[in-house]
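One file, structure01.cif, is given below (mmCIF, C-alpha atoms).
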```
data_protein
loop_
_atom_site.group_PDB
_atom_site.id
_atom_site.type_symbol
_atom_site.label_atom_id
_atom_site.label_comp_id
_atom_site.auth_asym_id
_atom_site.auth_seq_id
_atom_site.Cartn_x
_atom_site.Cartn_y
_atom_site.Cartn_z
ATOM 1 C CA MET A 1 -32.832 8.995 -76.645
ATOM 2 C CA PHE A 2 -35.078 9.698 -73.666
ATOM 3 C CA LYS A 3 -36.534 6.429 -72.413
ATOM 4 C CA GLY A 4 -36.028 4.035 -69.531
ATOM 5 C CA SER A 5 -34.785 4.772 -66.027
ATOM 6 C CA PHE A 6 -33.623 8.347 -65.503
ATOM 7 C CA VAL A 7 -32.521 9.595 -62.089
ATOM 8 C CA ALA A 8 -33.488 12.977 -60.688
ATOM 9 C CA LEU A 9 -30.121 13.550 -59.032
ATOM 10 C CA ILE A 10 -29.881 14.959 -55.546
ATOM 11 C CA THR A 11 -27.169 17.552 -54.952
ATOM 12 C CA PRO A 12 -25.130 16.225 -52.017
ATOM 13 C CA PHE A 13 -23.987 18.888 -49.564
ATOM 14 C CA LYS A 14 -21.210 18.946 -46.983
ATOM 15 C CA ASN A 15 -20.868 21.836 -44.541
ATOM 16 C CA LYS A 16 -23.527 23.738 -46.526
ATOM 17 C CA LYS A 17 -21.563 23.527 -49.786
ATOM 18 C CA VAL A 18 -21.864 21.214 -52.805
ATOM 19 C CA ASP A 19 -20.002 17.998 -52.043
ATOM 20 C CA ASP A 20 -18.214 17.437 -55.356
ATOM 21 C CA LYS A 21 -16.710 14.123 -54.336
ATOM 22 C CA ALA A 22 -20.070 12.669 -53.291
ATOM 23 C CA PHE A 23 -21.758 14.097 -56.391
ATOM 24 C CA VAL A 24 -19.252 12.458 -58.736
ATOM 25 C CA LYS A 25 -19.534 9.176 -56.843
ATOM 26 C CA LEU A 26 -23.331 9.291 -57.100
ATOM 27 C CA ILE A 27 -23.180 9.829 -60.867
ATOM 28 C CA GLU A 28 -20.601 7.083 -61.383
ATOM 29 C CA ASP A 29 -22.643 4.656 -59.279
ATOM 30 C CA GLN A 30 -25.759 5.472 -61.310
ATOM 31 C CA ILE A 31 -24.031 4.681 -64.596
ATOM 32 C CA LYS A 32 -22.569 1.443 -63.185
ATOM 33 C CA ALA A 33 -26.063 0.421 -62.016
ATOM 34 C CA GLY A 34 -27.508 0.768 -65.536
ATOM 35 C CA THR A 35 -29.378 4.059 -65.185
ATOM 36 C CA ASP A 36 -30.309 5.273 -68.678
ATOM 37 C CA GLY A 37 -29.849 8.997 -68.053
ATOM 38 C CA VAL A 38 -29.393 11.668 -65.398
ATOM 39 C CA VAL A 39 -31.276 14.861 -64.581
ATOM 40 C CA VAL A 40 -29.197 17.529 -62.861
ATOM 41 C CA CYS A 41 -30.436 20.674 -61.105
ATOM 42 C CA GLY A 42 -34.094 19.691 -61.053
ATOM 43 C CA THR A 43 -36.539 19.807 -58.148
ATOM 44 C CA THR A 44 -34.771 16.944 -56.375
ATOM 45 C CA GLY A 45 -31.435 18.662 -56.958
ATOM 46 C CA GLU A 46 -32.595 21.803 -55.093
ATOM 47 C CA ALA A 47 -31.769 24.080 -58.010
ATOM 48 C CA ALA A 48 -34.275 26.650 -56.770
ATOM 49 C CA THR A 49 -32.029 27.530 -53.824
ATOM 50 C CA MET A 50 -28.660 27.371 -55.593
ATOM 51 C CA SER A 51 -26.581 30.388 -56.423
ATOM 52 C CA ALA A 52 -25.888 31.066 -60.090
ATOM 53 C CA GLU A 53 -22.322 29.881 -59.563
ATOM 54 C CA GLU A 54 -23.446 26.605 -57.936
ATOM 55 C CA TYR A 55 -25.971 25.978 -60.698
ATOM 56 C CA GLU A 56 -23.352 26.316 -63.428
ATOM 57 C CA HIS A 57 -20.814 24.307 -61.430
ATOM 58 C CA CYS A 58 -23.150 21.351 -60.832
ATOM 59 C CA ILE A 59 -24.208 21.114 -64.471
ATOM 60 C CA SER A 60 -20.628 21.422 -65.690
ATOM 61 C CA LEU A 61 -19.393 18.781 -63.216
ATOM 62 C CA CYS A 62 -22.220 16.436 -64.184
ATOM 63 C CA VAL A 63 -21.544 16.767 -67.923
ATOM 64 C CA LYS A 64 -17.809 16.253 -67.373
ATOM 65 C CA THR A 65 -18.360 13.199 -65.156
ATOM 66 C CA VAL A 66 -20.905 11.535 -67.454
ATOM 67 C CA ASN A 67 -18.655 12.137 -70.456
ATOM 68 C CA LYS A 68 -21.390 11.250 -72.972
ATOM 69 C CA ARG A 69 -21.988 7.753 -71.537
ATOM 70 C CA VAL A 70 -25.684 8.513 -70.957
ATOM 71 C CA PRO A 71 -27.886 11.522 -71.749
ATOM 72 C CA VAL A 72 -27.707 14.498 -69.371
ATOM 73 C CA ILE A 73 -30.856 16.566 -68.875
ATOM 74 C CA ALA A 74 -30.570 19.835 -66.946
ATOM 75 C CA GLY A 75 -33.332 21.761 -65.222
ATOM 76 C CA CYS A 76 -33.598 25.152 -66.945
ATOM 77 C CA GLY A 77 -37.051 26.394 -66.034
ATOM 78 C CA THR A 78 -38.009 29.381 -63.900
ATOM 79 C CA ASN A 79 -41.128 31.540 -63.644
ATOM 80 C CA SER A 80 -39.433 34.146 -65.845
ATOM 81 C CA THR A 81 -39.281 33.512 -69.576
ATOM 82 C CA GLU A 82 -36.168 35.659 -69.994
ATOM 83 C CA LYS A 83 -34.371 33.876 -67.155
ATOM 84 C CA THR A 84 -35.401 30.499 -68.577
ATOM 85 C CA ILE A 85 -33.942 31.460 -71.956
ATOM 86 C CA GLU A 86 -30.732 32.549 -70.224
ATOM 87 C CA ASN A 87 -30.498 29.244 -68.329
ATOM 88 C CA THR A 88 -31.214 27.186 -71.440
ATOM 89 C CA LYS A 89 -28.515 28.962 -73.442
ATOM 90 C CA LEU A 90 -26.074 28.303 -70.615
ATOM 91 C CA CYS A 91 -27.012 24.613 -70.495
ATOM 92 C CA LYS A 92 -26.485 24.336 -74.243
ATOM 93 C CA LYS A 93 -23.043 25.897 -73.832
ATOM 94 C CA LEU A 94 -22.197 23.476 -71.002
ATOM 95 C CA GLY A 95 -22.981 20.474 -73.208
ATOM 96 C CA VAL A 96 -26.193 18.972 -71.850
ATOM 97 C CA ASP A 97 -28.356 16.821 -74.105
ATOM 98 C CA ALA A 98 -31.690 18.442 -73.222
ATOM 99 C CA GLY A 99 -33.275 21.041 -71.002
ATOM 100 C CA LEU A 100 -36.094 20.219 -68.582
ATOM 101 C CA ILE A 101 -38.346 23.259 -68.360
ATOM 102 C CA VAL A 102 -40.983 23.430 -65.659
ATOM 103 C CA THR A 103 -44.200 25.364 -66.187
ATOM 104 C CA PRO A 104 -43.840 28.880 -64.745
ATOM 105 C CA TYR A 105 -44.832 28.715 -61.081
ATOM 106 C CA TYR A 106 -46.580 31.422 -59.038
ATOM 107 C CA ASN A 107 -47.472 33.495 -62.142
ATOM 108 C CA LYS A 108 -50.219 30.985 -63.096
ATOM 109 C CA PRO A 109 -50.183 31.657 -66.863
ATOM 110 C CA THR A 110 -53.083 30.649 -69.090
ATOM 111 C CA GLN A 111 -52.671 27.907 -71.697
ATOM 112 C CA VAL A 112 -51.898 30.632 -74.236
ATOM 113 C CA GLY A 113 -49.255 32.004 -71.881
ATOM 114 C CA LEU A 114 -47.728 28.545 -71.436
ATOM 115 C CA TYR A 115 -47.550 28.050 -75.194
ATOM 116 C CA GLU A 116 -45.924 31.444 -75.743
ATOM 117 C CA HIS A 117 -43.451 30.828 -72.892
ATOM 118 C CA TYR A 118 -42.147 27.576 -74.383
ATOM 119 C CA LYS A 119 -42.264 28.955 -77.913
ATOM 120 C CA ALA A 120 -40.079 31.894 -76.872
ATOM 121 C CA VAL A 121 -37.524 29.507 -75.378
ATOM 122 C CA VAL A 122 -37.242 27.262 -78.432
ATOM 123 C CA MET A 123 -37.090 30.262 -80.766
ATOM 124 C CA GLU A 124 -34.031 31.517 -78.865
ATOM 125 C CA CYS A 125 -32.293 28.264 -77.918
ATOM 126 C CA ASP A 126 -31.183 25.387 -80.123
ATOM 127 C CA LEU A 127 -31.464 22.662 -77.467
ATOM 128 C CA PRO A 128 -33.925 19.749 -77.191
ATOM 129 C CA ILE A 129 -36.562 20.683 -74.619
ATOM 130 C CA ILE A 130 -38.572 18.421 -72.302
ATOM 131 C CA LEU A 131 -41.684 20.013 -70.838
ATOM 132 C CA TYR A 132 -42.101 19.536 -67.080
ATOM 133 C CA ASN A 133 -45.655 19.406 -65.803
ATOM 134 C CA VAL A 134 -45.985 19.243 -62.004
ATOM 135 C CA PRO A 135 -49.154 21.138 -61.037
ATOM 136 C CA GLY A 136 -48.894 20.125 -57.381
ATOM 137 C CA ARG A 137 -45.874 22.412 -57.110
ATOM 138 C CA THR A 138 -46.521 25.057 -59.757
ATOM 139 C CA GLY A 139 -50.267 25.676 -59.576
ATOM 140 C CA VAL A 140 -50.708 25.255 -63.347
ATOM 141 C CA ASN A 141 -51.363 22.224 -65.547
ATOM 142 C CA ILE A 142 -50.437 21.926 -69.239
ATOM 143 C CA SER A 143 -53.534 20.751 -71.062
ATOM 144 C CA ILE A 144 -53.409 17.891 -73.546
ATOM 145 C CA ASP A 145 -54.349 20.300 -76.322
ATOM 146 C CA THR A 146 -51.460 22.629 -75.435
ATOM 147 C CA ILE A 147 -49.029 19.699 -75.351
ATOM 148 C CA GLY A 148 -50.170 18.742 -78.840
ATOM 149 C CA LYS A 149 -49.481 22.261 -80.103
ATOM 150 C CA LEU A 150 -46.094 22.432 -78.364
ATOM 151 C CA ALA A 151 -45.057 19.042 -79.773
ATOM 152 C CA LYS A 152 -45.224 20.584 -83.243
ATOM 153 C CA LEU A 153 -42.523 23.125 -82.361
ATOM 154 C CA LYS A 154 -38.932 22.370 -83.294
ATOM 155 C CA ASN A 155 -36.869 20.992 -80.417
ATOM 156 C CA ILE A 156 -39.743 20.203 -78.041
ATOM 157 C CA VAL A 157 -39.104 16.489 -77.807
ATOM 158 C CA GLY A 158 -40.891 15.220 -74.712
ATOM 159 C CA ILE A 159 -42.558 15.762 -71.380
ATOM 160 C CA LYS A 160 -42.066 14.800 -67.758
ATOM 161 C CA ASP A 161 -45.602 14.459 -66.446
ATOM 162 C CA ALA A 162 -45.971 14.387 -62.663
ATOM 163 C CA THR A 163 -49.746 14.563 -62.408
ATOM 164 C CA ASN A 164 -50.247 10.879 -61.488
ATOM 165 C CA ASP A 165 -53.120 10.906 -63.999
ATOM 166 C CA LEU A 166 -52.706 7.620 -65.837
ATOM 167 C CA LEU A 167 -54.931 8.692 -68.726
ATOM 168 C CA ARG A 168 -52.454 11.355 -69.727
ATOM 169 C CA PRO A 169 -49.775 9.168 -71.360
ATOM 170 C CA ILE A 170 -52.426 7.727 -73.674
ATOM 171 C CA GLN A 171 -53.826 11.182 -74.416
ATOM 172 C CA ILE A 172 -50.377 12.743 -74.907
ATOM 173 C CA ARG A 173 -49.331 9.988 -77.293
ATOM 174 C CA GLU A 174 -52.442 10.625 -79.362
ATOM 175 C CA VAL A 175 -51.712 14.352 -79.830
ATOM 176 C CA ALA A 176 -47.902 14.319 -79.823
ATOM 177 C CA GLY A 177 -47.036 11.218 -81.853
ATOM 178 C CA GLU A 178 -44.763 8.223 -81.459
ATOM 179 C CA ASP A 179 -41.452 10.138 -81.466
ATOM 180 C CA PHE A 180 -42.395 12.287 -78.458
ATOM 181 C CA SER A 181 -40.818 11.056 -75.190
ATOM 182 C CA ILE A 182 -43.345 10.657 -72.377
ATOM 183 C CA LEU A 183 -41.647 10.328 -69.002
ATOM 184 C CA SER A 184 -43.336 9.851 -65.654
ATOM 185 C CA GLY A 185 -42.566 11.983 -62.625
ATOM 186 C CA GLU A 186 -44.293 9.592 -60.222
ATOM 187 C CA ASP A 187 -42.239 6.602 -59.083
ATOM 188 C CA ALA A 188 -44.972 4.474 -57.533
ATOM 189 C CA THR A 189 -47.138 4.221 -60.663
ATOM 190 C CA ILE A 190 -44.396 3.746 -63.245
ATOM 191 C CA VAL A 191 -45.481 0.301 -64.470
ATOM 192 C CA ALA A 192 -49.022 1.507 -65.080
ATOM 193 C CA PHE A 193 -47.593 4.604 -66.799
ATOM 194 C CA LEU A 194 -45.496 2.417 -69.102
ATOM 195 C CA ALA A 195 -48.514 0.232 -69.844
ATOM 196 C CA HIS A 196 -50.429 3.336 -70.896
ATOM 197 C CA GLY A 197 -47.840 4.385 -73.448
ATOM 198 C CA GLY A 198 -45.091 6.010 -71.391
ATOM 199 C CA ASP A 199 -41.404 5.705 -72.261
ATOM 200 C CA GLY A 200 -39.799 5.849 -68.842
ATOM 201 C CA CYS A 201 -39.498 7.699 -65.553
ATOM 202 C CA ILE A 202 -37.430 10.493 -64.046
ATOM 203 C CA SER A 203 -37.113 8.937 -60.618
ATOM 204 C CA VAL A 204 -36.350 10.140 -57.107
ATOM 205 C CA SER A 205 -36.001 6.581 -55.792
ATOM 206 C CA ALA A 206 -33.294 5.859 -58.371
ATOM 207 C CA ASN A 207 -30.870 7.796 -56.178
ATOM 208 C CA ILE A 208 -31.172 4.945 -53.680
ATOM 209 C CA VAL A 209 -32.071 1.828 -55.711
ATOM 210 C CA PRO A 210 -30.773 2.521 -59.237
ATOM 211 C CA GLU A 211 -30.007 -1.070 -60.201
ATOM 212 C CA LYS A 212 -33.464 -2.396 -59.357
ATOM 213 C CA LEU A 213 -35.135 0.400 -61.299
ATOM 214 C CA ALA A 214 -32.853 -0.098 -64.295
ATOM 215 C CA LYS A 215 -33.691 -3.805 -64.270
ATOM 216 C CA LEU A 216 -37.418 -3.034 -64.084
ATOM 217 C CA HIS A 217 -37.219 -0.845 -67.196
ATOM 218 C CA ASP A 218 -34.997 -3.339 -69.031
ATOM 219 C CA ALA A 219 -37.457 -6.128 -68.242
ATOM 220 C CA TRP A 220 -40.334 -3.993 -69.508
ATOM 221 C CA GLN A 221 -38.594 -3.346 -72.811
ATOM 222 C CA GLU A 222 -37.856 -7.077 -73.141
ATOM 223 C CA GLY A 223 -41.468 -8.037 -72.407
ATOM 224 C CA ASP A 224 -40.463 -9.915 -69.238
ATOM 225 C CA PHE A 225 -43.521 -8.962 -67.216
ATOM 226 C CA LYS A 226 -42.866 -11.462 -64.432
ATOM 227 C CA THR A 227 -39.614 -9.650 -63.625
ATOM 228 C CA VAL A 228 -41.353 -6.287 -63.987
ATOM 229 C CA ALA A 229 -43.926 -7.350 -61.387
ATOM 230 C CA LYS A 230 -41.191 -8.577 -59.057
ATOM 231 C CA TYR A 231 -39.399 -5.229 -59.025
ATOM 232 C CA ARG A 232 -42.668 -3.257 -58.987
ATOM 233 C CA ASP A 233 -43.642 -4.914 -55.724
ATOM 234 C CA GLU A 234 -40.153 -4.827 -54.174
ATOM 235 C CA LEU A 235 -39.755 -1.134 -54.892
ATOM 236 C CA LEU A 236 -43.135 0.142 -53.728
ATOM 237 C CA PRO A 237 -42.069 0.637 -50.074
ATOM 238 C CA VAL A 238 -39.072 2.670 -51.244
ATOM 239 C CA HIS A 239 -41.226 4.860 -53.488
ATOM 240 C CA GLN A 240 -43.676 5.472 -50.669
ATOM 241 C CA VAL A 241 -41.066 6.366 -48.074
ATOM 242 C CA MET A 242 -39.248 8.742 -50.430
ATOM 243 C CA PHE A 243 -42.351 10.943 -50.259
ATOM 244 C CA ILE A 244 -43.129 10.543 -46.554
ATOM 245 C CA GLU A 245 -42.280 14.249 -46.336
ATOM 246 C CA THR A 246 -41.641 16.892 -48.996
ATOM 247 C CA ASN A 247 -39.195 15.811 -51.714
ATOM 248 C CA PRO A 248 -36.169 15.910 -51.577
ATOM 249 C CA CYS A 249 -36.023 15.823 -47.771
ATOM 250 C CA PRO A 250 -36.479 12.022 -47.390
ATOM 251 C CA VAL A 251 -34.158 11.095 -50.267
ATOM 252 C CA LYS A 252 -31.425 13.411 -48.957
ATOM 253 C CA TYR A 253 -31.523 11.602 -45.618
ATOM 254 C CA ALA A 254 -31.608 8.193 -47.294
ATOM 255 C CA ALA A 255 -28.689 9.162 -49.537
ATOM 256 C CA SER A 256 -26.645 10.278 -46.533
ATOM 257 C CA LEU A 257 -27.034 6.788 -45.050
ATOM 258 C CA ILE A 258 -25.292 5.255 -48.062
ATOM 259 C CA GLY A 259 -22.491 7.773 -48.432
ATOM 260 C CA TYR A 260 -23.799 10.632 -50.556
ATOM 261 C CA GLY A 261 -23.384 13.872 -48.618
ATOM 262 C CA ASP A 262 -24.381 14.799 -45.099
ATOM 263 C CA GLY A 263 -28.131 14.887 -45.742
ATOM 264 C CA SER A 264 -28.458 18.625 -45.252
ATOM 265 C CA LEU A 265 -30.838 20.793 -47.254
ATOM 266 C CA ARG A 266 -31.227 24.452 -48.114
ATOM 267 C CA LEU A 267 -33.838 26.485 -46.268
ATOM 268 C CA PRO A 268 -36.804 26.660 -46.427
ATOM 269 C CA LEU A 269 -36.452 22.855 -46.625
ATOM 270 C CA VAL A 270 -35.381 21.120 -43.421
ATOM 271 C CA GLU A 271 -34.349 17.588 -42.505
ATOM 272 C CA VAL A 272 -37.060 15.005 -41.945
ATOM 273 C CA SER A 273 -38.422 14.317 -38.459
ATOM 274 C CA ASP A 274 -36.873 11.712 -36.170
ATOM 275 C CA ASN A 275 -39.891 9.479 -36.718
ATOM 276 C CA SER A 276 -39.525 9.723 -40.509
ATOM 277 C CA LYS A 277 -35.821 8.888 -40.167
ATOM 278 C CA LEU A 278 -36.710 5.675 -38.360
ATOM 279 C CA VAL A 279 -39.242 4.725 -41.060
ATOM 280 C CA ILE A 280 -36.776 5.486 -43.868
ATOM 281 C CA LYS A 281 -33.971 3.536 -42.224
ATOM 282 C CA ASP A 282 -36.247 0.573 -41.504
ATOM 283 C CA THR A 283 -37.491 0.516 -45.121
ATOM 284 C CA LEU A 284 -33.985 0.601 -46.549
ATOM 285 C CA LYS A 285 -32.995 -2.294 -44.303
ATOM 286 C CA LYS A 286 -35.981 -4.333 -45.457
ATOM 287 C CA VAL A 287 -35.127 -3.876 -49.143
ATOM 288 C CA GLY A 288 -31.455 -4.644 -48.594
ATOM 289 C CA VAL A 289 -29.995 -1.186 -49.147
ATOM 290 C CA LEU A 290 -28.670 -1.021 -45.585
#
```

Re-express the file's structure as structure tokens.
Amino acid sequence: MFKGSFVALITPFKNKKVDDKAFVKLIEDQIKAGTDGVVVCGTTGEAATMSAEEYEHCISLCVKTVNKRVPVIAGCGTNSTEKTIENTKLCKKLGVDAGLIVTPYYNKPTQVGLYEHYKAVVMECDLPIILYNVPGRTGVNISIDTIGKLAKLKNIVGIKDATNDLLRPIQIREVAGEDFSILSGEDATIVAFLAHGGDGCISVSANIVPEKLAKLHDAWQEGDFKTVAKYRDELLPVHQVMFIETNPCPVKYAASLIGYGDGSLRLPLVEVSDNSKLVIKDTLKKVGVL
């Protein structure tokens, strides 16, 4: 179920509130472009600064809009195990296909603590779970050994790995088996990640260039490596500029240029600098988005 081009959806805002119309349009455009699945209320969706009401609303609206056409993954993780269980139960009730659960941030749990955290969630919640490993944001890294142990638990079905360590997909496959979904969290190295045993990517850039990314993944699965290389090279400038400042600041600005929200963010995130805006706009013109 979880392979190919997944989009880490932004949450478009208008006048500081969720822009439902733009959000629905973004989701519909993703499905039309061939995106294989959507991730709602993740890092790129600014879930960390949403109210409880906004969080539930965005997931519910996403599930309703998708209407089972592609898988919906919802961000459920927090640095509290009890709160993560609460979120995951809610996501199950709202009809998502899987929960994306980040490693607890700030607390810095040991590997034993990480194992017990995820175990507690799956013991309480009957929902497929995708581990989310992003040590650059959380300060903790799930070891290969811990992933192998977690993969044996019911309902832990995959991982989003955003370490940019290209040995990890090979190592994860070895300990977790062929049925475990291994998804990249790093756009720029996706082809190398796939070549090392990955199944797909949860992409920031897909908000802006969904069709090209869908075609890259389709070409990979068909063994058309000439087409893969074409899109790899075309997309690199987009991947680079989407991280010119802290995600999701650049992608929110880029999305506003093509009709998805007003580009605003929730504090403590702020809009990108004027110089970054010029670079983003110039890049999107060069790749034919603008």

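Near A:Ser276, within 8 Å and counting all atoms listed in the file, sit Ile244, Glu245 and Pro250 of chain A, not including residues fewer than 5 positions from it in the same chain.
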
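The two atoms in question, atom CA of A:Lys108 and atom CA of A:Pro135, are spaced 10.1 Å apart.
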
Given the PyMOL selection byres ((chain A and resi 65) around 10), the residues it picks as a ChimeraX atom specification: /A:23-25,27-28,59-64,66-69

Dump as an mmCIF file, in the frame of the given file, selection limited to C-alpha atoms:
```cif
data_model
loop_
_atom_site.group_PDB
_atom_site.id
_atom_site.type_symbol
_atom_site.label_atom_id
_atom_site.label_comp_id
_atom_site.auth_asym_id
_atom_site.auth_seq_id
_atom_site.Cartn_x
_atom_site.Cartn_y
_atom_site.Cartn_z
ATOM 1 C CA PHE A 23 -21.758 14.097 -56.391
ATOM 2 C CA VAL A 24 -19.252 12.458 -58.736
ATOM 3 C CA LYS A 25 -19.534 9.176 -56.843
ATOM 4 C CA ILE A 27 -23.180 9.829 -60.867
ATOM 5 C CA GLU A 28 -20.601 7.083 -61.383
ATOM 6 C CA ILE A 59 -24.208 21.114 -64.471
ATOM 7 C CA SER A 60 -20.628 21.422 -65.690
ATOM 8 C CA LEU A 61 -19.393 18.781 -63.216
ATOM 9 C CA CYS A 62 -22.220 16.436 -64.184
ATOM 10 C CA VAL A 63 -21.544 16.767 -67.923
ATOM 11 C CA LYS A 64 -17.809 16.253 -67.373
ATOM 12 C CA VAL A 66 -20.905 11.535 -67.454
ATOM 13 C CA ASN A 67 -18.655 12.137 -70.456
ATOM 14 C CA LYS A 68 -21.390 11.250 -72.972
ATOM 15 C CA ARG A 69 -21.988 7.753 -71.537
#
```

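When the distance limit is 9 Å and all atoms listed in the file are what count, the residues near A:Leu90, minus those fewer than 4 positions from it on the same chain, are Glu56, Cys76, Ile85, Glu86, Leu94 and Gly95 of chain A.
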
Stretch 98-100 of chain A environment, 9 Å, only C-alpha atoms, sequence neighbours closer than 6 positions dropped, as a ChimeraX atom specification: /A:39,42,71-77,88,91-92,127-132,157,159-160
